[in-house]
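Undergrad: my_file.txt is reproduced in full below (compact mmCIF, C-alpha atoms and all ligand atoms).
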# COMPACT_ATOMS: atom_id res chain seq x y z
CA MET A 1 121.24 88.81 138.93
CA LYS A 2 119.80 87.15 135.92
CA ASN A 3 116.38 87.19 137.52
CA LEU A 4 116.65 90.84 138.39
CA PHE A 5 117.42 91.69 134.80
CA LEU A 6 114.54 89.60 133.61
CA ASN A 7 112.22 91.32 136.06
CA LEU A 8 113.42 94.73 134.99
CA ALA A 9 113.02 93.79 131.34
CA VAL A 10 109.40 92.95 132.06
CA LEU A 11 108.80 95.82 134.43
CA ILE A 12 110.19 98.71 132.39
CA PRO A 13 107.82 98.40 129.42
CA VAL A 14 104.90 97.91 131.81
CA LEU A 15 105.76 101.10 133.70
CA PHE A 16 106.23 102.96 130.46
CA LEU A 17 102.93 101.72 129.06
CA SER A 18 100.93 102.52 132.20
CA SER A 19 102.38 106.00 132.32
CA CYS A 20 100.89 106.48 128.84
CA GLY A 21 97.65 104.96 130.02
CA ILE A 22 97.69 102.42 127.19
CA SER A 23 97.66 99.34 129.41
CA ASP A 24 94.42 100.56 131.02
CA GLU A 25 92.59 100.66 127.71
CA SER A 26 89.47 98.60 127.28
CA LEU A 27 89.21 96.56 124.09
CA GLU A 28 86.78 99.14 122.75
CA GLN A 29 89.14 102.03 123.47
CA LYS A 30 92.05 100.16 121.97
CA ALA A 31 90.05 99.39 118.82
CA GLN A 32 88.96 103.01 118.53
CA ARG A 33 92.52 104.27 118.96
CA ILE A 34 93.89 101.88 116.35
CA HIS A 35 91.04 102.69 113.97
CA ASP A 36 91.87 106.39 114.29
CA GLU A 37 95.61 105.93 113.95
CA VAL A 38 95.80 103.72 110.87
CA LEU A 39 94.93 104.77 107.33
CA THR A 40 91.63 103.12 106.44
CA ILE A 41 90.73 102.47 102.83
CA ASP A 42 87.71 100.72 101.33
CA THR A 43 88.31 99.79 97.69
CA HIS A 44 84.77 99.40 96.45
CA CYS A 45 81.43 101.12 96.79
CA ASP A 46 78.72 101.96 94.27
CA THR A 47 77.78 105.27 95.84
CA PRO A 48 78.00 107.22 92.53
CA MET A 49 74.63 105.67 91.65
CA TYR A 50 73.11 107.90 94.33
CA LEU A 51 74.57 111.04 92.79
CA LYS A 52 71.84 110.96 90.16
CA MET A 53 69.16 111.33 92.82
CA GLU A 54 68.16 114.93 93.42
CA GLU A 55 67.46 114.51 97.13
CA PHE A 56 70.91 112.99 97.75
CA ASP A 57 73.69 115.32 98.91
CA ILE A 58 77.13 113.80 99.39
CA GLY A 59 78.19 116.52 101.83
CA LYS A 60 75.27 115.94 104.23
CA ARG A 61 74.56 113.13 106.68
CA ASN A 62 71.99 110.96 104.83
CA ASN A 63 69.88 108.30 106.49
CA ARG A 64 70.21 104.75 105.17
CA GLU A 65 66.79 103.79 106.54
CA GLU A 66 65.23 106.55 104.49
CA GLY A 67 66.88 105.56 101.25
CA GLY A 68 70.01 107.68 101.78
CA GLY A 69 72.44 104.88 100.93
CA CYS A 70 75.45 103.70 102.93
CA VAL A 71 78.03 106.39 102.16
CA ASP A 72 78.47 110.15 102.24
CA LEU A 73 81.38 112.35 103.26
CA VAL A 74 79.93 113.04 106.71
CA ARG A 75 79.31 109.40 107.57
CA MET A 76 82.78 108.53 106.22
CA LYS A 77 84.18 110.83 108.88
CA ASP A 78 81.84 109.38 111.54
CA GLY A 79 83.14 105.90 110.70
CA GLY A 80 86.81 106.89 110.64
CA MET A 81 86.94 106.03 106.94
CA ASP A 82 89.85 107.89 105.36
CA ALA A 83 89.68 106.81 101.74
CA MET A 84 87.35 105.00 99.39
CA PHE A 85 87.24 103.96 95.78
CA TRP A 86 83.95 105.00 94.24
CA ALA A 87 82.99 102.87 91.28
CA VAL A 88 82.00 103.99 87.82
CA PHE A 89 79.65 101.05 87.41
CA THR A 90 77.90 100.15 84.18
CA GLY A 91 75.71 97.06 83.73
CA GLN A 92 76.66 94.90 80.77
CA GLY A 93 74.57 95.77 77.69
CA PRO A 94 74.81 95.02 73.97
CA ARG A 95 78.32 94.66 72.62
CA ASP A 96 77.81 96.52 69.37
CA GLU A 97 78.79 99.96 68.12
CA GLU A 98 75.66 101.58 69.48
CA GLY A 99 75.92 99.88 72.89
CA ASN A 100 79.61 100.75 73.15
CA GLN A 101 78.99 104.40 72.33
CA ARG A 102 76.13 104.63 74.80
CA VAL A 103 78.06 103.08 77.67
CA LYS A 104 81.07 105.26 76.96
CA ALA A 105 78.88 108.37 77.32
CA GLU A 106 77.40 106.91 80.51
CA ALA A 107 80.85 106.28 82.01
CA LEU A 108 82.04 109.78 81.18
CA GLU A 109 78.91 111.20 82.78
CA ILE A 110 79.43 109.20 85.99
CA ILE A 111 83.09 110.29 86.25
CA ASP A 112 81.93 113.85 85.84
CA SER A 113 79.22 113.48 88.48
CA ILE A 114 81.74 112.12 91.03
CA LYS A 115 84.15 114.99 90.42
CA SER A 116 81.49 117.67 90.63
CA ALA A 117 79.84 116.16 93.75
CA VAL A 118 83.16 115.92 95.63
CA GLY A 119 84.31 119.24 94.17
CA ARG A 120 81.44 120.98 95.96
CA TYR A 121 83.01 120.10 99.33
CA PRO A 122 86.73 120.90 99.11
CA GLU A 123 86.87 121.33 102.89
CA LEU A 124 85.65 117.73 103.38
CA ALA A 125 87.30 115.71 100.61
CA ASN A 126 89.40 115.59 97.46
CA ILE A 127 89.47 113.43 94.37
CA CYS A 128 92.73 111.46 94.56
CA TYR A 129 95.03 109.96 91.97
CA GLU A 130 98.14 108.66 93.75
CA PRO A 131 98.70 106.52 96.87
CA THR A 132 100.38 109.41 98.70
CA ASP A 133 97.27 111.60 98.31
CA ALA A 134 95.35 109.57 100.90
CA TYR A 135 98.11 109.97 103.49
CA SER A 136 98.33 113.74 103.04
CA ASN A 137 94.55 114.12 103.16
CA GLU A 138 94.45 111.99 106.32
CA LYS A 139 96.84 114.44 108.00
CA GLU A 140 94.51 117.30 107.11
CA GLY A 141 91.47 115.39 108.38
CA LYS A 142 90.00 115.16 104.88
CA ARG A 143 88.41 112.21 103.10
CA SER A 144 90.00 110.81 99.94
CA VAL A 145 87.90 109.70 97.01
CA TYR A 146 89.57 107.57 94.34
CA ILE A 147 87.77 106.51 91.20
CA GLY A 148 87.61 102.91 89.98
CA MET A 149 85.69 101.48 87.04
CA GLU A 150 83.51 98.42 87.61
CA ASN A 151 83.17 96.61 84.28
CA GLY A 152 85.50 97.26 81.36
CA TYR A 153 82.48 97.53 79.06
CA PRO A 154 82.99 101.30 78.46
CA ILE A 155 86.37 100.47 76.85
CA GLY A 156 84.34 98.76 74.13
CA THR A 157 86.80 97.44 71.56
CA ASP A 158 88.87 100.63 71.50
CA LEU A 159 92.18 100.16 73.34
CA GLY A 160 92.77 103.94 73.28
CA MET A 161 89.89 104.39 75.73
CA VAL A 162 91.97 102.85 78.54
CA GLU A 163 94.24 105.89 78.46
CA VAL A 164 91.28 108.27 78.14
CA TYR A 165 89.84 106.86 81.39
CA TYR A 166 93.27 106.87 83.00
CA ASP A 167 93.70 110.56 82.17
CA LEU A 168 90.31 111.22 83.74
CA GLY A 169 91.51 109.65 87.00
CA ILE A 170 90.43 105.99 86.83
CA ARG A 171 92.89 104.01 88.93
CA TYR A 172 91.47 100.49 88.69
CA ILE A 173 89.31 98.66 86.20
CA THR A 174 87.27 95.56 87.11
CA LEU A 175 87.63 93.73 83.82
CA CYS A 176 83.98 92.60 83.62
CA HIS A 177 80.78 92.42 85.67
CA THR A 178 78.16 89.64 85.86
CA ARG A 179 78.29 88.84 82.15
CA ASN A 180 81.05 88.20 79.63
CA ASN A 181 82.28 91.23 77.70
CA ASP A 182 84.81 91.92 74.95
CA ILE A 183 87.66 91.62 77.49
CA CYS A 184 87.03 88.34 79.31
CA ASP A 185 84.66 85.72 80.69
CA SER A 186 82.67 86.54 83.81
CA SER A 187 82.33 84.13 86.76
CA THR A 188 78.54 84.37 86.60
CA ASP A 189 77.46 84.52 82.93
CA LYS A 190 74.64 81.99 82.52
CA LYS A 191 75.79 81.35 78.96
CA GLY A 192 79.13 80.01 80.24
CA PRO A 193 82.62 80.81 79.00
CA GLU A 194 83.22 82.48 75.67
CA TYR A 195 87.02 82.59 75.52
CA ASP A 196 87.97 80.34 78.43
CA GLY A 197 89.63 83.35 80.04
CA LEU A 198 90.80 86.62 78.49
CA SER A 199 89.96 87.42 74.88
CA GLU A 200 92.79 88.52 72.59
CA PHE A 201 91.59 92.08 73.07
CA GLY A 202 91.53 91.47 76.85
CA GLU A 203 95.22 90.52 76.72
CA GLU A 204 95.96 93.87 75.11
CA VAL A 205 93.88 95.65 77.75
CA VAL A 206 95.90 94.00 80.54
CA GLN A 207 99.18 95.07 78.92
CA GLU A 208 97.90 98.60 78.40
CA MET A 209 96.79 98.80 82.06
CA ASN A 210 100.28 97.67 83.11
CA ARG A 211 101.84 100.32 80.91
CA LEU A 212 99.68 103.12 82.30
CA GLY A 213 99.87 102.01 85.94
CA ILE A 214 96.19 101.14 86.40
CA LEU A 215 95.31 98.45 88.94
CA ILE A 216 93.77 95.33 87.39
CA ASP A 217 90.74 94.21 89.37
CA VAL A 218 89.91 90.48 89.16
CA SER A 219 86.64 90.61 91.13
CA HIS A 220 83.73 89.21 89.06
CA ILE A 221 85.94 87.58 86.41
CA SER A 222 85.94 83.79 85.83
CA ASP A 223 88.61 81.48 87.25
CA SER A 224 90.22 81.04 83.82
CA SER A 225 90.22 84.80 83.28
CA PHE A 226 91.86 85.17 86.71
CA TYR A 227 94.68 82.75 85.86
CA ASP A 228 95.19 84.40 82.47
CA VAL A 229 95.57 87.78 84.20
CA ILE A 230 98.01 86.36 86.76
CA ARG A 231 100.09 84.85 83.94
CA LEU A 232 100.08 87.99 81.84
CA SER A 233 100.16 90.96 84.23
CA LYS A 234 103.62 92.30 85.01
CA THR A 235 102.33 93.95 88.20
CA PRO A 236 100.38 92.51 91.17
CA VAL A 237 96.60 92.62 90.89
CA ILE A 238 93.70 93.25 93.25
CA ALA A 239 90.31 91.72 93.88
CA SER A 240 88.55 94.95 94.88
CA HIS A 241 85.55 93.23 96.51
CA SER A 242 85.59 89.42 96.85
CA CYS A 243 85.51 86.79 99.59
CA ALA A 244 86.90 83.30 100.24
CA ARG A 245 85.11 80.52 98.35
CA ALA A 246 86.06 77.98 101.02
CA LEU A 247 83.70 79.76 103.45
CA CYS A 248 80.98 80.75 100.98
CA ASP A 249 80.69 78.74 97.80
CA ASN A 250 79.92 81.45 95.28
CA PRO A 251 81.66 81.60 91.87
CA ARG A 252 82.36 85.31 92.57
CA ASN A 253 84.64 84.32 95.46
CA LEU A 254 88.27 83.17 95.26
CA SER A 255 89.23 79.54 95.88
CA ASP A 256 92.17 78.76 98.16
CA GLU A 257 94.29 78.01 95.11
CA MET A 258 93.42 81.41 93.64
CA LEU A 259 94.18 83.13 96.96
CA LYS A 260 97.62 81.51 97.03
CA SER A 261 98.27 82.43 93.44
CA LEU A 262 97.16 86.04 93.99
CA ALA A 263 99.51 86.30 96.99
CA LYS A 264 102.43 84.67 95.20
CA HIS A 265 102.01 87.31 92.50
CA GLY A 266 102.10 90.00 95.22
CA GLY A 267 98.45 91.08 94.95
CA VAL A 268 95.69 91.60 97.52
CA ILE A 269 92.09 90.50 98.06
CA GLN A 270 89.81 93.14 99.53
CA MET A 271 87.14 91.42 101.61
CA CYS A 272 83.61 92.16 100.52
CA ILE A 273 80.92 92.56 103.20
CA PHE A 274 78.01 91.58 100.93
CA THR A 275 75.96 88.85 102.69
CA ASP A 276 75.58 86.77 99.49
CA TYR A 277 79.37 86.36 99.30
CA VAL A 278 80.00 86.10 103.03
CA LYS A 279 77.56 83.39 104.04
CA GLU A 280 75.68 80.74 102.09
CA PRO A 281 72.03 81.77 102.39
CA GLU A 282 69.39 79.76 104.20
CA PRO A 283 66.54 78.77 101.83
CA TYR A 284 63.88 81.50 101.47
CA PRO A 285 61.78 80.57 98.39
CA ALA A 286 59.22 83.41 98.69
CA ARG A 287 62.01 85.99 98.64
CA ASP A 288 63.85 84.21 95.83
CA SER A 289 60.81 84.16 93.54
CA ALA A 290 59.88 87.79 94.32
CA PHE A 291 63.39 88.94 93.38
CA ALA A 292 63.50 86.67 90.32
CA ALA A 293 60.27 88.31 89.11
CA LEU A 294 61.75 91.77 89.69
CA ARG A 295 64.89 90.85 87.76
CA GLU A 296 62.77 89.56 84.90
CA LYS A 297 60.65 92.73 84.89
CA PHE A 298 63.72 94.98 84.73
CA LYS A 299 65.75 92.89 82.25
CA ASP A 300 68.29 91.90 84.90
CA PHE A 301 68.97 95.64 85.43
CA ASN A 302 70.68 95.91 82.07
CA ASP A 303 69.98 98.60 79.45
CA LEU A 304 67.61 100.59 81.70
CA SER A 305 66.93 104.29 81.35
CA ASP A 306 67.57 106.47 84.39
CA LYS A 307 63.86 106.56 85.10
CA GLU A 308 63.48 102.77 84.84
CA MET A 309 66.56 102.32 87.03
CA GLU A 310 65.10 104.56 89.70
CA GLN A 311 61.82 102.64 89.59
CA ALA A 312 63.74 99.34 89.81
CA ARG A 313 65.62 100.62 92.85
CA LYS A 314 62.38 101.62 94.56
CA GLU A 315 60.77 98.22 93.94
CA TRP A 316 63.97 96.51 95.05
CA SER A 317 63.90 98.38 98.37
CA ALA A 318 60.21 97.55 98.83
CA LEU A 319 60.95 93.85 98.38
CA GLN A 320 63.84 94.11 100.82
CA ARG A 321 61.38 95.40 103.41
CA GLU A 322 58.75 92.77 102.58
CA TYR A 323 61.16 89.83 102.60
CA PRO A 324 63.97 90.89 104.93
CA ARG A 325 66.98 88.68 104.53
CA LYS A 326 69.03 87.47 107.41
CA LEU A 327 72.28 89.35 107.07
CA ALA A 328 75.71 87.99 107.76
CA ASN A 329 77.48 89.80 110.62
CA VAL A 330 80.86 91.34 111.36
CA SER A 331 82.11 88.12 112.93
CA ASP A 332 81.27 86.20 109.71
CA VAL A 333 83.23 88.82 107.77
CA VAL A 334 86.26 88.50 110.02
CA ASP A 335 86.07 84.69 109.62
CA HIS A 336 86.92 85.31 105.94
CA ILE A 337 89.83 87.55 106.92
CA ASP A 338 91.10 84.81 109.30
CA HIS A 339 90.82 82.28 106.51
CA ILE A 340 92.65 84.43 103.96
CA VAL A 341 95.40 85.16 106.50
CA GLU A 342 95.75 81.42 107.12
CA VAL A 343 95.82 80.44 103.45
CA ALA A 344 97.59 83.41 101.83
CA GLY A 345 99.14 85.41 104.68
CA ILE A 346 98.58 88.67 106.55
CA ASP A 347 100.08 90.74 103.72
CA TYR A 348 97.43 89.89 101.15
CA VAL A 349 94.07 90.93 102.60
CA GLY A 350 92.15 94.19 102.83
CA ILE A 351 88.56 95.49 102.76
CA GLY A 352 86.24 96.47 99.89
CA THR A 353 82.71 96.73 101.22
CA ASP A 354 80.49 96.95 98.11
CA PHE A 355 78.37 99.50 99.99
CA ASP A 356 75.49 100.80 97.86
CA GLY A 357 75.92 97.77 95.62
CA GLY A 358 74.43 95.33 98.14
CA GLY A 359 77.19 95.50 100.78
CA GLY A 360 76.46 95.89 104.49
CA VAL A 361 76.19 93.29 107.27
CA GLU A 362 74.75 93.23 110.77
CA GLY A 363 76.97 95.51 112.85
CA CYS A 364 78.31 97.27 109.78
CA ARG A 365 75.33 98.45 107.80
CA ASP A 366 76.89 101.65 106.52
CA VAL A 367 80.23 103.45 106.45
CA SER A 368 79.67 105.04 109.86
CA GLU A 369 79.97 101.58 111.47
CA MET A 370 83.34 100.59 110.01
CA GLY A 371 84.99 100.68 113.43
CA ASN A 372 83.16 97.47 114.37
CA ILE A 373 85.39 95.52 112.00
CA THR A 374 88.45 96.86 113.81
CA LEU A 375 86.87 95.96 117.17
CA GLU A 376 86.35 92.35 116.03
CA LEU A 377 89.95 92.18 114.76
CA VAL A 378 91.21 93.47 118.12
CA LYS A 379 89.04 90.94 119.99
CA ARG A 380 90.61 88.19 117.91
CA GLY A 381 94.10 89.30 118.83
CA TYR A 382 95.22 91.07 115.67
CA THR A 383 97.98 93.60 116.48
CA GLN A 384 97.94 97.25 115.44
CA LYS A 385 100.56 96.49 112.79
CA GLU A 386 98.43 93.71 111.34
CA ILE A 387 95.30 95.86 111.41
CA GLU A 388 97.16 98.64 109.64
CA LYS A 389 98.02 96.19 106.87
CA ILE A 390 94.42 95.00 106.56
CA TRP A 391 92.90 98.47 106.59
CA GLY A 392 95.13 99.89 103.89
CA GLY A 393 98.80 99.01 104.11
CA ASN A 394 98.50 95.91 101.92
CA PHE A 395 96.42 97.61 99.27
CA MET A 396 98.69 100.66 99.22
CA ARG A 397 101.72 98.41 98.74
CA VAL A 398 100.13 97.03 95.56
CA PHE A 399 98.89 100.45 94.45
CA LYS A 400 102.39 101.95 94.81
CA GLU A 401 103.97 99.06 92.96
CA VAL A 402 101.54 99.40 90.07
CA ARG A 403 102.06 103.17 89.91
CA SER A 404 105.85 102.89 89.94
CA PHE A 405 105.84 100.28 87.16
CA GLN A 406 104.36 102.95 84.90
CA LYS A 407 106.42 104.11 81.86
ZN ZN A 501 80.52 94.14 92.06
How does the structure come out when it is put into structure tokens?

TA:
Amino acid sequence: MKNLFLNLAVLIPVLFLSSCGISDESLEQKAQRIHDEVLTIDTHCDTPMYLKMEEFDIGKRNNREEGGGCVDLVRMKDGGMDAMFWAVFTGQGPRDEEGNQRVKAEALEIIDSIKSAVGRYPELANICYEPTDAYSNEKEGKRSVYIGMENGYPIGTDLGMVEVYYDLGIRYITLCHTRNNDICDSSTDKKGPEYDGLSEFGEEVVQEMNRLGILIDVSHISDSSFYDVIRLSKTPVIASHSCARALCDNPRNLSDEMLKSLAKHGGVIQMCIFTDYVKEPEPYPARDSAFAALREKFKDFNDLSDKEMEQARKEWSALQREYPRKLANVSDVVDHIDHIVEVAGIDYVGIGTDFDGGGGVEGCRDVSEMGNITLELVKRGYTQKEIEKIWGGNFMRVFKEVRSFQK
């Protein structure tokens, strides 16, 4: 009797599954189905930089090989990408009144350009402000575009600007970029630490972001800044595009201790798919010196006019063609996810590609190829529930918590 029950218990789900055809799925079909069913969100790309280019149209299918970048609304749909955070990125410039005013104007202009570009295609996408927006757009088959700010430089030393950007729709702020600013120390400033973490003003910025319900992004900031934020922030924080330092020793990545601390605080790390952060590079001196010369020529890409920036981008692409770098691949990326799951847990990892800011690996060169990450996760035995968490559930949990803290 016991055996019969056991057999039935095994048999019934099998019959049920085969009648739905699910048990006959190939790995590829299964991955595609899961990719379509779950909400997918990528928390970092620098696509707004392309909006300045006349020949670039966000509502058309652009070609990456021909300088059309990694993201547009059509390729988002091709790649089953439901939602993305587009970054209002500004390179760190002079921290004086003039510099602060200039970067503020630049940030406002970028926010405007994102809204008007997306606004031209209401049938394809919407600008979004709340976590629920992405789910309702998904039901309508529309893309969701959220706005984040990479580098708190446009806040300057004026705390009131945090609310100005919030009112304009900014939902996360990466506190700094590659250099220290008035908020905190960067992980990569050659001059080293200035405050050993957050500045006094930076502490106020964190509290103001908590009050308004803006996500605090710890990508790019130094380890001491990270721990200061964890101590001070009343809500969980995100790393919008960072990897595991244990697998790729780059100061931009999070150590195991940081991963544990981020998770304990309820936050999430969004895996970056930028080769430099995924895999330690093999030596390539000719390439290194060519790029060092380019950086020198264009002042490390800081304080450039639009025209100079466009020229820099062209020369950058030419060097990429002349000295092609061996890219990391999707399997390398998923190694980081495995590692984060092992160290911090399945509830604390997501994806933030850094497309159009250097992101893109073999097998996932642009947003149309996002499904390959899901395929690799399926091959490694991740369940649909786990994949749903990685592709958006974890991030949305944090986003909702930060939004409900508001008031
Ligand atoms: Zn970045």

Undergrad: So what do you get for atom ZN of ligand ZN 501 (chain A) versus atom CA of A:Asp354, distance-wise?

TA: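 Separation between atom ZN of ligand ZN 501 (chain A) and atom CA of A:Asp354: 6.7 Å.
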
Undergrad: Give the answer as one residue: which of A:Glu308, A:Ala293, A:Gln270, A:Cys243 has the shortest atom-to-atom distance to A:His336, using only C-alpha atoms?

TA: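 Ranked by minimum distance to A:His336, first place goes to A:Cys243.
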
Undergrad: What are the closest atom pairs, with distances in Å to one decimal, for all residues of stretch 218-278 of chain A lying within 12 Å of stretch 162-179 of chain A? Consider all atoms listed in the file, order rows by chain and residue number, and present the result as JSON lines.

TA:
{"residue": "A:Val218", "atom": "CA", "partner": "A:Thr174", "partner_atom": "CA", "distance": 6.1}
{"residue": "A:Ser219", "atom": "CA", "partner": "A:Thr174", "partner_atom": "CA", "distance": 6.4}
{"residue": "A:His220", "atom": "CA", "partner": "A:His177", "partner_atom": "CA", "distance": 5.5}
{"residue": "A:Ile221", "atom": "CA", "partner": "A:Cys176", "partner_atom": "CA", "distance": 6.1}
{"residue": "A:Ser222", "atom": "CA", "partner": "A:Cys176", "partner_atom": "CA", "distance": 9.3}
{"residue": "A:Ser225", "atom": "CA", "partner": "A:Leu175", "partner_atom": "CA", "distance": 9.3}
{"residue": "A:Phe226", "atom": "CA", "partner": "A:Leu175", "partner_atom": "CA", "distance": 10.0}
{"residue": "A:Val229", "atom": "CA", "partner": "A:Leu175", "partner_atom": "CA", "distance": 9.9}
{"residue": "A:Val237", "atom": "CA", "partner": "A:Tyr172", "partner_atom": "CA", "distance": 9.6}
{"residue": "A:Ile238", "atom": "CA", "partner": "A:Tyr172", "partner_atom": "CA", "distance": 8.8}
{"residue": "A:Ala239", "atom": "CA", "partner": "A:Thr174", "partner_atom": "CA", "distance": 8.4}
{"residue": "A:Ser240", "atom": "CA", "partner": "A:Thr174", "partner_atom": "CA", "distance": 7.9}
{"residue": "A:His241", "atom": "CA", "partner": "A:Thr174", "partner_atom": "CA", "distance": 9.8}
{"residue": "A:Ser242", "atom": "CA", "partner": "A:Thr174", "partner_atom": "CA", "distance": 11.6}
{"residue": "A:Pro251", "atom": "CA", "partner": "A:Thr178", "partner_atom": "CA", "distance": 10.6}
{"residue": "A:Arg252", "atom": "CA", "partner": "A:Thr178", "partner_atom": "CA", "distance": 9.0}

Undergrad: Output C-alpha atoms for every residue in the selection just made, as a PDB file, in the coordinates of the input.

TA:
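Output (result-v8.pdb):
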ATOM      1  CA  VAL A 218      89.910  90.480  89.160  1.00  0.00           C
ATOM      2  CA  SER A 219      86.640  90.610  91.130  1.00  0.00           C
ATOM      3  CA  HIS A 220      83.730  89.210  89.060  1.00  0.00           C
ATOM      4  CA  ILE A 221      85.940  87.580  86.410  1.00  0.00           C
ATOM      5  CA  SER A 222      85.940  83.790  85.830  1.00  0.00           C
ATOM      6  CA  SER A 225      90.220  84.800  83.280  1.00  0.00           C
ATOM      7  CA  PHE A 226      91.860  85.170  86.710  1.00  0.00           C
ATOM      8  CA  VAL A 229      95.570  87.780  84.200  1.00  0.00           C
ATOM      9  CA  VAL A 237      96.600  92.620  90.890  1.00  0.00           C
ATOM     10  CA  ILE A 238      93.700  93.250  93.250  1.00  0.00           C
ATOM     11  CA  ALA A 239      90.310  91.720  93.880  1.00  0.00           C
ATOM     12  CA  SER A 240      88.550  94.950  94.880  1.00  0.00           C
ATOM     13  CA  HIS A 241      85.550  93.230  96.510  1.00  0.00           C
ATOM     14  CA  SER A 242      85.590  89.420  96.850  1.00  0.00           C
ATOM     15  CA  PRO A 251      81.660  81.600  91.870  1.00  0.00           C
ATOM     16  CA  ARG A 252      82.360  85.310  92.570  1.00  0.00           C
TER      17      ARG A 252
END

Undergrad: Between atom CA of A:Cys272 and atom CA of A:Arg245, what is the distance, to one decimal in Å?

TA: 11.9 Å

Undergrad: Using only C-alpha atoms, which protein or nucleic acid residues come within 10 Å of A:Met396? Drop anything in the same chain fewer than 6 positions from it, and give the result as a PyMOL selection string.

TA: chain A and resi 39+41+130-132+134+268+350+389+402

Undergrad: Produce a file of the selected residues containing C-alpha atoms, as a PDB file, in the coordinates of the input.

TA:
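Below you can see out.pdb, which holds the result:
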ATOM      1  CA  LEU A  39      94.930 104.770 107.330  1.00  0.00           C
ATOM      2  CA  ILE A  41      90.730 102.470 102.830  1.00  0.00           C
ATOM      3  CA  GLU A 130      98.140 108.660  93.750  1.00  0.00           C
ATOM      4  CA  PRO A 131      98.700 106.520  96.870  1.00  0.00           C
ATOM      5  CA  THR A 132     100.380 109.410  98.700  1.00  0.00           C
ATOM      6  CA  ALA A 134      95.350 109.570 100.900  1.00  0.00           C
ATOM      7  CA  VAL A 268      95.690  91.600  97.520  1.00  0.00           C
ATOM      8  CA  GLY A 350      92.150  94.190 102.830  1.00  0.00           C
ATOM      9  CA  LYS A 389      98.020  96.190 106.870  1.00  0.00           C
ATOM     10  CA  VAL A 402     101.540  99.400  90.070  1.00  0.00           C
TER      11      VAL A 402
END

Undergrad: Of the residues A:Leu304, A:Cys45, A:Leu198, A:Leu124, which is the one nearest to ligand ZN 501 (chain A), using only C-alpha atoms and all ligand atoms?

TA: A:Cys45

Undergrad: Find, counting only C-alpha atoms, the residue in A:Glu388, A:Glu257, A:Glu98, A:Glu342 that gets nearest to A:Gly156.

TA: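 Of all the options, A:Glu98 lies closest to A:Gly156.
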
Undergrad: Would you mind telling me which residue in A:Asp335, A:Val118, A:Met209, A:Asp356 lies nearest to A:Phe89 when using only C-alpha atoms?

TA: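 Smallest separation from A:Phe89 among the options: A:Asp356.
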
Undergrad: Pick the closest to A:Ser233 from A:Asn253, A:Thr383, A:Asn210, A:Ser317: which is it, counting all atoms listed in the file?

TA: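 Ranking A:Asn253, A:Thr383, A:Asn210, A:Ser317 by distance to A:Ser233, first place goes to A:Asn210.
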
Undergrad: Could you please fill out stretch 329-337 of chain A with N, CA, C and O atoms and send it back as a PDB file, in the coordinates of the input?

TA:
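rebuild.pdb written:
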ATOM      1  N   ASN A 329      77.062  88.772 109.659  1.00  0.00           N
ATOM      2  CA  ASN A 329      77.480  89.800 110.620  1.00  0.00           C
ATOM      3  C   ASN A 329      78.996  90.018 110.561  1.00  0.00           C
ATOM      4  O   ASN A 329      79.703  89.362 109.786  1.00  0.00           O
ATOM      5  N   VAL A 330      79.439  90.953 111.387  1.00  0.00           N
ATOM      6  CA  VAL A 330      80.860  91.340 111.360  1.00  0.00           C
ATOM      7  C   VAL A 330      81.764  90.145 111.675  1.00  0.00           C
ATOM      8  O   VAL A 330      82.834  89.979 111.081  1.00  0.00           O
ATOM      9  N   SER A 331      81.290  89.280 112.575  1.00  0.00           N
ATOM     10  CA  SER A 331      82.110  88.120 112.930  1.00  0.00           C
ATOM     11  C   SER A 331      82.257  87.182 111.723  1.00  0.00           C
ATOM     12  O   SER A 331      83.342  86.630 111.473  1.00  0.00           O
ATOM     13  N   ASP A 332      81.177  87.023 110.942  1.00  0.00           N
ATOM     14  CA  ASP A 332      81.270  86.200 109.710  1.00  0.00           C
ATOM     15  C   ASP A 332      82.301  86.793 108.754  1.00  0.00           C
ATOM     16  O   ASP A 332      83.054  86.075 108.090  1.00  0.00           O
ATOM     17  N   VAL A 333      82.300  88.129 108.659  1.00  0.00           N
ATOM     18  CA  VAL A 333      83.230  88.820 107.770  1.00  0.00           C
ATOM     19  C   VAL A 333      84.673  88.545 108.210  1.00  0.00           C
ATOM     20  O   VAL A 333      85.541  88.194 107.405  1.00  0.00           O
ATOM     21  N   VAL A 334      84.896  88.680 109.515  1.00  0.00           N
ATOM     22  CA  VAL A 334      86.260  88.500 110.020  1.00  0.00           C
ATOM     23  C   VAL A 334      86.692  87.026 109.921  1.00  0.00           C
ATOM     24  O   VAL A 334      87.887  86.728 109.792  1.00  0.00           O
ATOM     25  N   ASP A 335      85.722  86.101 109.889  1.00  0.00           N
ATOM     26  CA  ASP A 335      86.070  84.690 109.620  1.00  0.00           C
ATOM     27  C   ASP A 335      86.772  84.576 108.256  1.00  0.00           C
ATOM     28  O   ASP A 335      87.719  83.805 108.091  1.00  0.00           O
ATOM     29  N   HIS A 336      86.280  85.337 107.268  1.00  0.00           N
ATOM     30  CA  HIS A 336      86.920  85.310 105.940  1.00  0.00           C
ATOM     31  C   HIS A 336      88.339  85.871 106.022  1.00  0.00           C
ATOM     32  O   HIS A 336      89.259  85.335 105.406  1.00  0.00           O
ATOM     33  N   ILE A 337      88.481  86.969 106.785  1.00  0.00           N
ATOM     34  CA  ILE A 337      89.830  87.550 106.920  1.00  0.00           C
ATOM     35  C   ILE A 337      90.762  86.518 107.566  1.00  0.00           C
ATOM     36  O   ILE A 337      91.862  86.273 107.069  1.00  0.00           O
TER      37      ILE A 337
END
